[in-house]
file data_34.txt (compact mmCIF, C-alpha atoms)
# COMPACT_ATOMS: atom_id res chain seq x y z
CA MET B 1 -37.06 12.40 -19.85
CA LYS B 2 -37.84 15.03 -17.33
CA PHE B 3 -37.41 14.26 -13.70
CA THR B 4 -39.52 16.04 -11.21
CA GLN B 5 -38.38 16.18 -7.68
CA LYS B 6 -41.09 15.83 -5.10
CA ASN B 7 -40.87 18.48 -2.49
CA ASN B 8 -41.53 16.12 0.37
CA MET B 9 -40.30 18.61 2.92
CA GLY B 10 -42.73 21.29 1.65
CA LYS B 11 -45.61 18.84 1.71
CA GLN B 12 -44.69 17.79 5.22
CA TYR B 13 -44.78 21.39 6.47
CA GLU B 14 -48.09 22.10 4.80
CA THR B 15 -49.84 19.15 6.40
CA ALA B 16 -48.22 19.46 9.81
CA LYS B 17 -50.21 20.85 12.72
CA ASP B 18 -49.29 24.16 14.33
CA ARG B 19 -48.04 22.30 17.39
CA GLU B 20 -45.61 20.25 15.32
CA LEU B 21 -44.32 23.28 13.46
CA VAL B 22 -43.70 25.09 16.75
CA HIS B 23 -41.87 22.06 18.09
CA TRP B 24 -39.62 21.83 15.02
CA TYR B 25 -38.87 25.51 15.20
CA ARG B 26 -37.98 25.34 18.87
CA LYS B 27 -35.90 22.19 18.66
CA HIS B 28 -34.04 22.77 15.40
CA ALA B 29 -34.49 26.50 14.71
CA ASP B 30 -36.36 25.32 11.62
CA GLU B 31 -36.90 28.43 9.50
CA LYS B 32 -39.32 26.68 7.15
CA ALA B 33 -41.51 25.62 10.05
CA PHE B 34 -41.76 29.19 11.30
CA ARG B 35 -42.42 30.46 7.80
CA GLU B 36 -45.28 28.00 7.42
CA LEU B 37 -46.78 29.24 10.69
CA MET B 38 -46.52 32.81 9.40
CA ASN B 39 -48.10 31.93 6.07
CA ARG B 40 -51.06 30.33 7.79
CA HIS B 41 -51.90 33.11 10.20
CA GLN B 42 -50.24 36.37 9.14
CA SER B 43 -53.27 37.67 7.18
CA LYS B 44 -55.70 37.30 10.04
CA ILE B 45 -53.32 38.83 12.54
CA TYR B 46 -52.40 41.74 10.28
CA SER B 47 -56.02 42.33 9.25
CA TYR B 48 -57.10 42.58 12.84
CA ILE B 49 -54.33 45.04 13.66
CA TYR B 50 -55.01 47.11 10.54
CA SER B 51 -58.76 47.22 11.11
CA MET B 52 -58.14 48.54 14.59
CA VAL B 53 -55.59 51.23 13.74
CA THR B 54 -56.54 51.89 10.07
CA ASN B 55 -53.01 52.95 9.22
CA ALA B 56 -50.60 50.76 7.27
CA GLU B 57 -47.38 52.03 8.82
CA ILE B 58 -48.67 51.73 12.35
CA ALA B 59 -50.09 48.30 11.53
CA ASN B 60 -46.64 47.24 10.25
CA ASP B 61 -44.99 48.44 13.47
CA ILE B 62 -47.47 46.65 15.69
CA PHE B 63 -47.21 43.52 13.55
CA GLN B 64 -43.43 43.51 13.92
CA GLU B 65 -43.68 44.23 17.65
CA THR B 66 -46.10 41.33 18.02
CA PHE B 67 -43.79 38.84 16.37
CA THR B 68 -40.73 40.10 18.18
CA LYS B 69 -42.52 39.20 21.40
CA VAL B 70 -43.64 35.89 19.90
CA ILE B 71 -40.03 34.98 19.07
CA THR B 72 -38.50 36.05 22.39
CA LYS B 73 -41.28 34.90 24.71
CA MET B 74 -42.15 31.57 23.12
CA ASP B 75 -40.08 29.50 25.51
CA ASP B 76 -41.27 31.43 28.56
CA THR B 77 -44.97 31.93 28.13
CA TYR B 78 -46.20 29.57 25.42
CA ASN B 79 -47.46 26.17 26.47
CA GLU B 80 -47.46 23.73 23.57
CA GLN B 81 -50.70 22.24 24.84
CA GLY B 82 -52.61 25.39 23.91
CA LYS B 83 -53.33 26.83 20.48
CA TRP B 84 -50.43 28.79 19.08
CA ILE B 85 -52.63 31.20 17.13
CA ALA B 86 -54.71 32.03 20.22
CA TRP B 87 -51.52 32.88 22.10
CA VAL B 88 -50.26 35.07 19.22
CA MET B 89 -53.64 36.78 18.93
CA ARG B 90 -53.51 37.72 22.57
CA ILE B 91 -50.13 39.35 22.04
CA ALA B 92 -51.36 41.16 18.91
CA HIS B 93 -54.50 42.34 20.67
CA ASN B 94 -52.59 43.65 23.70
CA ALA B 95 -50.06 45.42 21.49
CA THR B 96 -52.85 47.05 19.47
CA ILE B 97 -54.77 48.19 22.50
CA ASP B 98 -51.61 49.58 24.08
CA HIS B 99 -50.90 51.57 20.95
CA ILE B 100 -54.45 52.92 20.78
CA ARG B 101 -54.30 54.01 24.39
CA LYS B 102 -51.03 55.80 23.84
CA GLN B 103 -52.02 57.48 20.61
CA LYS B 104 -55.65 58.18 21.54
CA ARG B 105 -56.56 57.96 17.88
CA TYR B 106 -59.96 56.58 18.63
CA VAL B 107 -62.79 59.13 18.83
CA ASP B 108 -65.54 57.81 21.08
CA VAL B 109 -68.62 58.87 19.11
CA ASN B 110 -70.79 56.96 16.67
CA SER B 111 -70.69 59.61 14.02
CA ASN B 112 -67.79 62.00 13.50
CA TYR B 113 -69.69 64.21 11.10
CA ASP B 114 -69.09 67.89 11.70
CA ASP B 115 -72.27 69.80 10.78
CA ASP B 116 -70.49 73.17 10.55
CA TYR B 117 -67.77 72.12 8.12
CA ARG B 118 -69.65 69.16 6.65
CA THR B 119 -66.65 66.91 7.08
CA ASP B 120 -66.21 63.66 8.86
CA TYR B 121 -63.28 61.93 10.56
CA TYR B 122 -61.59 60.74 7.40
CA ASP B 123 -62.03 64.10 5.63
CA ARG B 124 -60.08 65.75 8.42
CA LEU B 125 -57.17 63.31 8.26
CA PRO B 126 -54.10 64.44 6.30
CA ASP B 127 -54.25 63.05 2.78
CA GLU B 128 -50.87 61.39 2.81
CA ASP B 129 -51.72 59.61 6.03
CA SER B 130 -55.12 58.00 5.49
CA ILE B 131 -56.14 58.23 1.87
CA SER B 132 -52.92 56.78 0.50
CA ALA B 133 -53.18 53.91 2.96
CA HIS B 134 -56.71 53.25 1.86
CA GLU B 135 -55.80 53.44 -1.82
CA LYS B 136 -53.09 50.92 -1.23
CA MET B 137 -54.99 48.54 0.98
CA VAL B 138 -58.64 48.83 -0.07
CA LYS B 139 -59.62 48.93 -3.79
CA ASP B 140 -63.35 48.48 -3.73
CA GLU B 141 -65.54 51.41 -2.64
CA ASP B 142 -67.81 49.16 -0.58
CA LYS B 143 -64.87 47.86 1.34
CA GLN B 144 -63.68 51.40 1.92
CA SER B 145 -66.94 52.51 3.41
CA LEU B 146 -67.18 49.35 5.45
CA LEU B 147 -63.74 49.93 6.92
CA LYS B 148 -64.66 53.51 7.62
CA HIS B 149 -67.81 52.48 9.47
CA ILE B 150 -65.86 49.96 11.51
CA ALA B 151 -63.35 52.66 12.39
CA ASP B 152 -66.24 54.82 13.58
CA LEU B 153 -67.31 52.25 16.14
CA PRO B 154 -66.26 52.60 19.78
CA LYS B 155 -63.04 50.73 20.49
CA GLU B 156 -64.67 48.08 22.67
CA GLN B 157 -67.30 47.29 20.06
CA ARG B 158 -64.79 47.33 17.23
CA GLU B 159 -62.44 44.84 18.88
CA VAL B 160 -65.28 42.40 19.58
CA VAL B 161 -66.49 42.59 15.97
CA MET B 162 -62.97 42.13 14.56
CA LEU B 163 -62.06 39.28 16.88
CA ARG B 164 -65.25 37.52 15.89
CA HIS B 165 -64.87 38.24 12.20
CA TYR B 166 -61.18 37.49 11.66
CA TYR B 167 -60.56 34.82 14.23
CA GLU B 168 -64.09 33.33 14.52
CA MET B 169 -63.45 33.34 18.23
CA PRO B 170 -66.19 32.02 20.54
CA PHE B 171 -67.58 34.66 22.86
CA LYS B 172 -66.22 32.89 25.87
CA GLU B 173 -62.68 33.45 24.54
CA ILE B 174 -63.45 37.00 23.47
CA ALA B 175 -64.68 37.71 26.99
CA GLU B 176 -61.49 36.26 28.49
CA LEU B 177 -59.25 38.18 26.11
CA THR B 178 -60.98 41.51 26.70
CA ASP B 179 -61.34 40.85 30.42
CA VAL B 180 -65.13 41.21 30.61
CA SER B 181 -68.06 38.87 31.21
CA ILE B 182 -69.66 36.91 28.36
CA ASN B 183 -72.83 38.98 28.66
CA THR B 184 -70.82 42.18 28.32
CA ALA B 185 -69.00 40.85 25.26
CA LEU B 186 -72.32 39.82 23.70
CA GLY B 187 -73.80 43.21 24.53
CA ARG B 188 -70.90 44.99 22.84
CA MET B 189 -71.33 42.83 19.75
CA ARG B 190 -75.03 43.59 19.63
CA TYR B 191 -74.49 47.34 19.95
CA ALA B 192 -71.75 47.13 17.30
CA LEU B 193 -74.18 45.53 14.84
CA ILE B 194 -76.88 48.08 15.68
CA ASN B 195 -74.42 50.95 15.16
CA LEU B 196 -73.14 49.50 11.89
CA ARG B 197 -76.70 49.16 10.70
CA LYS B 198 -77.31 52.84 11.48
CA LEU B 199 -74.15 53.87 9.64
CA PHE B 200 -75.09 51.80 6.57
CA GLU B 201 -78.55 53.31 6.54
CA GLN B 202 -77.12 56.79 6.89
CA GLU B 203 -74.71 56.15 4.03
CA LYS B 204 -77.56 54.84 1.89
CA GLU B 205 -79.64 57.96 2.56
CA GLU B 206 -76.73 60.22 1.67
CA LYS B 207 -76.18 58.36 -1.60
CA GLU B 208 -79.87 58.57 -2.50
CA TYR B 209 -79.87 62.26 -1.62
CA ALA B 210 -76.76 62.83 -3.76
CA GLU B 211 -78.29 60.92 -6.70
CA ARG B 212 -81.53 62.91 -6.50
CA ARG B 213 -79.57 66.12 -6.72
CA MET E 1 -84.40 41.90 28.65
CA GLN E 2 -80.61 41.76 28.28
CA ASN E 3 -80.72 37.97 28.43
CA ALA E 4 -83.34 37.86 25.69
CA ASP E 5 -81.23 40.17 23.51
CA ASN E 6 -78.12 38.11 24.11
CA LEU E 7 -80.07 34.98 23.32
CA CYS E 8 -81.10 36.46 19.97
CA LEU E 9 -77.49 37.34 19.23
CA LYS E 10 -76.27 33.87 20.18
CA TYR E 11 -78.89 32.45 17.82
CA LEU E 12 -77.62 34.77 15.11
CA LEU E 13 -74.02 33.75 15.69
CA ASN E 14 -74.79 30.00 15.96
CA GLU E 15 -73.69 29.72 19.57
CA LEU E 16 -76.83 28.01 20.89
CA GLU E 17 -77.37 24.35 21.72
CA PRO E 18 -79.71 22.44 19.33
CA SER E 19 -82.50 22.43 21.91
CA GLU E 20 -82.10 26.18 22.42
CA ILE E 21 -82.16 26.78 18.65
CA LYS E 22 -85.51 25.02 18.38
CA MET E 23 -86.88 27.04 21.25
CA MET E 24 -85.65 30.28 19.64
CA GLU E 25 -87.21 29.42 16.28
CA ARG E 26 -90.52 28.81 17.97
CA ILE E 27 -90.32 32.23 19.66
CA LEU E 28 -89.44 33.93 16.36
CA GLU E 29 -92.42 32.34 14.69
CA GLU E 30 -94.66 33.82 17.33
CA ASP E 31 -93.03 37.29 17.53
CA GLU E 32 -92.82 38.98 14.12
CA ASP E 33 -91.11 42.14 15.40
CA LEU E 34 -88.36 40.08 16.97
CA LEU E 35 -87.98 38.15 13.74
CA ILE E 36 -87.54 41.39 11.74
CA GLU E 37 -84.96 42.64 14.21
CA VAL E 38 -82.96 39.42 14.10
CA GLU E 39 -83.03 39.28 10.29
CA SER E 40 -81.95 42.92 10.08
CA LEU E 41 -78.96 42.21 12.28
CA ARG E 42 -78.19 39.14 10.20
CA ALA E 43 -78.05 41.29 7.06
CA THR E 44 -75.68 43.72 8.77
CA LEU E 45 -73.47 40.86 9.88
CA LYS E 46 -73.40 39.51 6.37
CA LYS E 47 -71.98 42.82 5.07
CA LEU E 48 -68.89 42.17 7.13
CA ASP E 49 -68.12 39.28 4.81
CA LYS E 50 -67.10 41.87 2.22
CA LEU E 51 -64.24 42.81 4.49
CA ASP E 52 -61.25 41.04 3.04
CA GLU E 53 -58.12 40.09 4.79
CA PHE E 54 -55.12 42.37 4.47
CA GLU E 55 -51.66 41.06 3.76
CA PRO E 56 -48.60 42.41 5.50
CA PRO E 57 -45.65 43.52 3.35
CA GLU E 58 -43.53 40.63 2.14
CA GLN E 59 -40.26 42.23 3.23
CA LEU E 60 -41.62 42.59 6.74
CA CYS E 61 -42.53 38.90 6.90
CA ASP E 62 -39.14 37.86 5.52
CA SER E 63 -37.29 39.93 8.11
CA ILE E 64 -39.41 38.43 10.90
CA VAL E 65 -38.72 34.88 9.71
CA ASN E 66 -34.97 35.54 9.44
CA LYS E 67 -34.94 37.07 12.90
CA ALA E 68 -36.80 34.08 14.31
CA ALA E 69 -34.37 31.58 12.80
CA GLU E 70 -31.34 33.57 13.93
CA TYR E 71 -32.64 33.97 17.48
CA GLN E 72 -33.49 30.31 17.93
CA THR E 73 -30.24 29.13 16.35
CA ARG E 74 -28.26 31.31 18.75
CA LYS E 75 -30.29 30.05 21.67
CA ASN E 76 -29.91 26.39 20.72
CA ASN E 77 -26.16 26.82 20.12
CA PHE E 78 -25.68 28.38 23.54
CA PHE E 79 -27.20 25.42 25.31
CA SER E 80 -25.23 22.89 23.29
CA GLN E 81 -21.83 24.54 23.78
CA PRO E 82 -19.07 22.31 25.22
CA ALA E 83 -18.22 24.97 27.81
CA TYR E 84 -21.79 25.03 28.96
CA ASN E 85 -21.91 21.24 29.14
CA THR E 86 -18.60 21.10 31.00
CA PHE E 87 -19.82 23.67 33.49
CA GLY E 88 -22.99 21.70 34.00
CA SER E 89 -20.99 18.51 34.54
CA ILE E 90 -18.75 20.19 37.11
CA VAL E 91 -21.73 21.51 39.04
CA ALA E 92 -23.39 18.09 38.97
CA ALA E 93 -20.19 16.36 40.14
CA ALA E 94 -19.72 18.86 42.98
CA PHE E 95 -23.28 18.30 44.13
CA LEU E 96 -22.82 14.53 44.03
CA LEU E 97 -19.62 14.73 46.09
CA PHE E 98 -21.40 16.89 48.63
CA ILE E 99 -24.14 14.29 49.00
CA ILE E 100 -21.61 11.46 49.38
CA PHE E 101 -19.61 13.28 52.05
CA SER E 102 -22.76 14.17 53.93
CA PHE E 103 -23.78 10.54 54.19
CA SER E 104 -20.31 9.19 54.85
CA ASP E 105 -19.94 11.39 57.94
CA SER E 106 -22.44 9.22 59.79
CA THR E 107 -20.35 6.04 59.47
CA PHE E 108 -17.53 6.89 62.01
CA PHE E 109 -16.29 3.97 64.19
CA ASN E 110 -18.08 1.30 62.21
CA SER E 111 -16.29 -2.09 62.06
CA ASP E 112 -16.49 -5.15 59.83
CA ASP E 113 -15.00 -8.68 59.75
CA VAL E 114 -13.36 -10.09 56.65
CA ASN E 115 -13.99 -13.73 57.56
CA SER E 116 -17.57 -13.33 58.56
CA SER E 117 -20.19 -14.89 56.39
CA HIS E 118 -22.53 -12.07 57.19
CA THR E 119 -22.72 -8.69 55.54
CA ILE E 120 -19.97 -7.44 57.82
CA ASN E 121 -16.88 -8.89 56.17
CA LYS E 122 -13.93 -6.75 57.23
CA LYS E 123 -11.84 -7.50 60.32
CA SER E 124 -11.35 -4.63 62.65
CA THR E 125 -9.29 -4.42 65.81
CA PHE E 126 -9.12 -2.00 68.63
CA ASN E 127 -5.65 -0.67 68.97
CA ALA E 128 -5.02 0.27 72.56
CA LYS E 129 -2.17 2.54 71.61
CA THR E 130 -3.74 4.55 68.92
CA GLY E 131 -7.28 4.27 70.04
CA PHE E 132 -8.44 3.89 66.45
CA VAL E 133 -10.44 1.15 64.93
CA ASN E 134 -8.32 -0.18 62.06
CA THR E 135 -9.27 -2.59 59.34
CA GLN E 136 -6.88 -5.24 58.12
CA GLY E 137 -5.22 -4.60 54.85
CA GLU E 138 -5.31 -0.84 55.35
CA LYS E 139 -2.21 1.19 55.95
CA LYS E 140 -1.19 1.50 59.54
CA GLY E 141 -2.16 4.59 61.27
CA THR E 142 -5.23 5.15 59.16
CA SER E 143 -8.71 4.90 60.42
CA GLN E 144 -11.40 3.17 58.48
CA PHE E 145 -15.01 4.17 58.52
CA THR E 146 -17.37 1.53 57.36
CA ASP E 147 -21.06 1.53 56.69
CA ASN E 148 -21.73 -1.35 59.10
CA LYS E 149 -22.21 -0.28 62.68
CA VAL E 150 -21.79 -2.51 65.73
CA THR E 151 -24.66 -1.77 67.99
CA PRO E 152 -23.99 -2.09 71.74
CA TRP E 153 -25.94 -4.90 73.39
CA ILE E 154 -26.48 -6.41 76.85
CA ASP E 155 -25.88 -10.10 77.40
CA ASN E 156 -27.64 -12.46 79.88
CA ASN E 157 -25.36 -11.40 82.71
CA GLU E 158 -26.35 -7.79 82.13
CA ILE E 159 -22.95 -6.86 80.84
CA LEU E 160 -22.75 -4.22 78.15
CA ARG E 161 -21.06 -5.48 75.02
CA VAL E 162 -19.99 -3.44 72.03
CA GLU E 163 -18.47 -6.15 69.88
CA ASP E 164 -20.09 -8.14 67.15
CA LYS E 165 -22.01 -10.86 68.97
CA PHE E 166 -21.83 -13.27 66.04
CA ASN E 167 -18.06 -13.31 65.82
CA GLU E 168 -16.29 -14.84 68.78
CA ASN E 169 -12.74 -14.19 67.57
CA ARG E 170 -13.26 -10.52 67.27
CA SER E 171 -15.18 -10.21 70.50
CA SER E 172 -12.48 -11.99 72.49
CA LYS E 173 -9.82 -9.66 71.12
CA PHE E 174 -11.95 -6.67 71.93
CA ASP E 175 -12.64 -7.98 75.44
CA SER E 176 -8.99 -8.48 76.11
CA ALA E 177 -8.18 -5.02 74.87
CA MET E 178 -10.81 -3.52 77.10
CA HIS E 179 -9.59 -5.60 80.04
CA ASN E 180 -6.03 -4.43 79.54
CA SER E 181 -7.18 -0.86 79.38
CA PHE E 182 -9.02 -1.07 82.65
CA LYS E 183 -5.98 -2.66 84.31
CA LYS E 184 -3.99 0.38 83.53
CA LEU E 185 -6.35 2.62 85.41
CA VAL E 186 -4.66 3.74 88.65
CA PRO E 187 -6.34 5.85 91.33
CA VAL E 188 -4.55 9.10 91.85
CA THR E 189 -3.41 9.89 95.43
CA TYR E 190 -3.24 13.43 96.70
CA SER E 191 -0.68 14.59 99.32
CA THR E 192 -1.66 17.29 101.83
CA SER E 193 0.53 19.94 103.48
CA THR E 194 1.22 17.50 106.35
CA ASN E 195 2.45 14.97 103.83
CA GLN E 196 -0.26 12.49 104.71
CA LYS E 197 -1.67 10.20 102.15
CA VAL E 198 -5.32 10.46 101.40
CA LYS E 199 -6.83 7.06 101.26
CA ALA E 200 -9.25 6.29 98.60
CA SER E 201 -11.70 4.88 101.06
CA SER E 202 -15.40 4.84 100.92
CA GLY E 203 -16.97 8.17 101.51
CA THR E 204 -14.09 10.03 99.95
CA GLN E 205 -14.32 10.76 96.29
CA THR E 206 -10.92 10.51 94.70
CA PRO E 207 -10.56 11.78 91.16
CA ILE E 208 -9.30 9.01 88.86
CA HIS E 209 -6.94 9.94 86.09
CA LEU E 210 -7.83 7.68 83.25
CA THR E 211 -5.01 6.46 81.16
CA GLY E 212 -5.29 4.44 78.01
CA SER E 213 -2.31 5.28 76.02
CA TYR E 214 1.32 4.66 76.76
call {"tool": "encode", "arguments": {"input": "data_34.txt", "output": "structure tokens"}}
result
Amino acid sequence: MKFTQKNNMGKQYETAKDRELVHWYRKHADEKAFRELMNRHQSKIYSYIYSMVTNAEIANDIFQETFTKVITKMDDTYNEQGKWIAWVMRIAHNATIDHIRKQKRYVDVNSNYDDDYRTDYYDRLPDEDSISAHEKMVKDEDKQSLLKHIADLPKEQREVVMLRHYYEMPFKEIAELTDVSINTALGRMRYALINLRKLFEQEKEEKEYAERR
Amino acid sequence: MQNADNLCLKYLLNELEPSEIKMMERILEEDEDLLIEVESLRATLKKLDKLDEFEPPEQLCDSIVNKAAEYQTRKNNFFSQPAYNTFGSIVAAAFLLFIIFSFSDSTFFNSDDVNSSHTINKKSTFNAKTGFVNTQGEKKGTSQFTDNKVTPWIDNNEILRVEDKFNENRSSKFDSAMHNSFKKLVPVTYSTSTNQKVKASSGTQTPIHLTGSY
């Protein structure tokens, strides 16, 4: 006769709310509670960071920096009444923006295509830096081009699109996080969609042109 | 114009109230160009669904979780240490003593009566020699400060009293002690160079040397 042991503790963590998990972690240094919190939200947080910096190593650094602050600042700045993920997102967003400002990786034009050399932004990146990261992280060609188009967007438009896409954040919260009015946040989203549409259309024309040749 | 554009976007992103949605749908039915624009943006938005989520490296997540557990364990252990608790207890006790001494300072020269049926139940006497108010049962020579004050009062003959008006035994002792003290007061006479005595008559103020202790 085979006995199966019910993992009541695992089931308890899976069904617990974020608030409860945070409380257990704080009170008892419960590693499993913190791990469950990570499992629930790590993909969204990492995806946002990666989509903003488009580099795996940098994304890893910012991800680690984010959670170092989460661990050390939880008692000081986190109020258990609010949503834990919203608080973590704010930290991740600020860390990402700080990095982008320091590195100045973002190029503030809609299209980076160089007519003289017939290269774009990603063609000019060193192979070991960008292409290997893409090969690791993005398998499908459609996803690659999508990521590339998102990277081509202005920083302000890109962050609004990513916050909306990954976190499904209402525009009121996006406006608060990015320190602008709701109308400005909506305007940035609208321009982001218009720009993406242009980039998709341009890509489509280039493919049709390439196929005709 | 900006408001109209934002309204279209809110409709696209499902951020309108039900009444506003109905209004927007009516407008779209009437304006074909606007309808094409909104649907075009909807198609672009839908392409973002192809964007998958990216997973962080497993080793990175493991190191973060370990760090979190270690940090919180260290923090919790610090606050539960016996030394920390002892220190906290000492500080709390010192603060309590400070409060007690601050309040007890205001109870100097209070007196109580042991036999009284009132709240004042300790007997106190005025010792003419020492000048202290002592309570019975205490060691001699010590002064006792009690919480119960005896408030001075004026009787029907307009005489100031300081004893407990409800306790005759104590008041009579106090009165006799006061009377004896006043008896001991002797006016001081001053001799001049001609060796004549200065009389302490009316109109001449003679300094009185108060005595109370022998």
call {"tool": "interface_residues", "arguments": {"input": "data_34.txt", "of": "chain E", "to": "chain B", "cutoff": "8 Å", "atoms": "all atoms listed in the file", "output": "JSON, numbers by chain"}}
result
{"E": [2, 3, 6, 9, 10, 15, 41, 44, 45, 48, 50, 51, 52, 53, 54, 55, 56, 57, 60, 61, 64, 65, 66, 68, 69, 70, 71, 72, 73, 76]}
call {"tool": "atom_distance", "arguments": {"input": "data_34.txt", "atom1": "atom CA of E:Glu32", "atom2": "atom CA of E:Cys8"}}
result
13.3 Å
call {"tool": "atom_distance", "arguments": {"input": "data_34.txt", "atom1": "atom CA of B:Asp152", "atom2": "atom CA of B:Thr96"}}
result
16.6 Å
call {"tool": "closest_residue", "arguments": {"input": "data_34.txt", "among": "B:Ile174, B:Lys207, B:Leu153, B:His99", "to": "B:Asn55", "atoms": "all atoms listed in the file"}}
result
B:His99
call {"tool": "atom_distance", "arguments": {"input": "data_34.txt", "atom1": "atom CA of E:Ile99", "atom2": "atom CA of E:Phe87"}}
result
18.6 Å
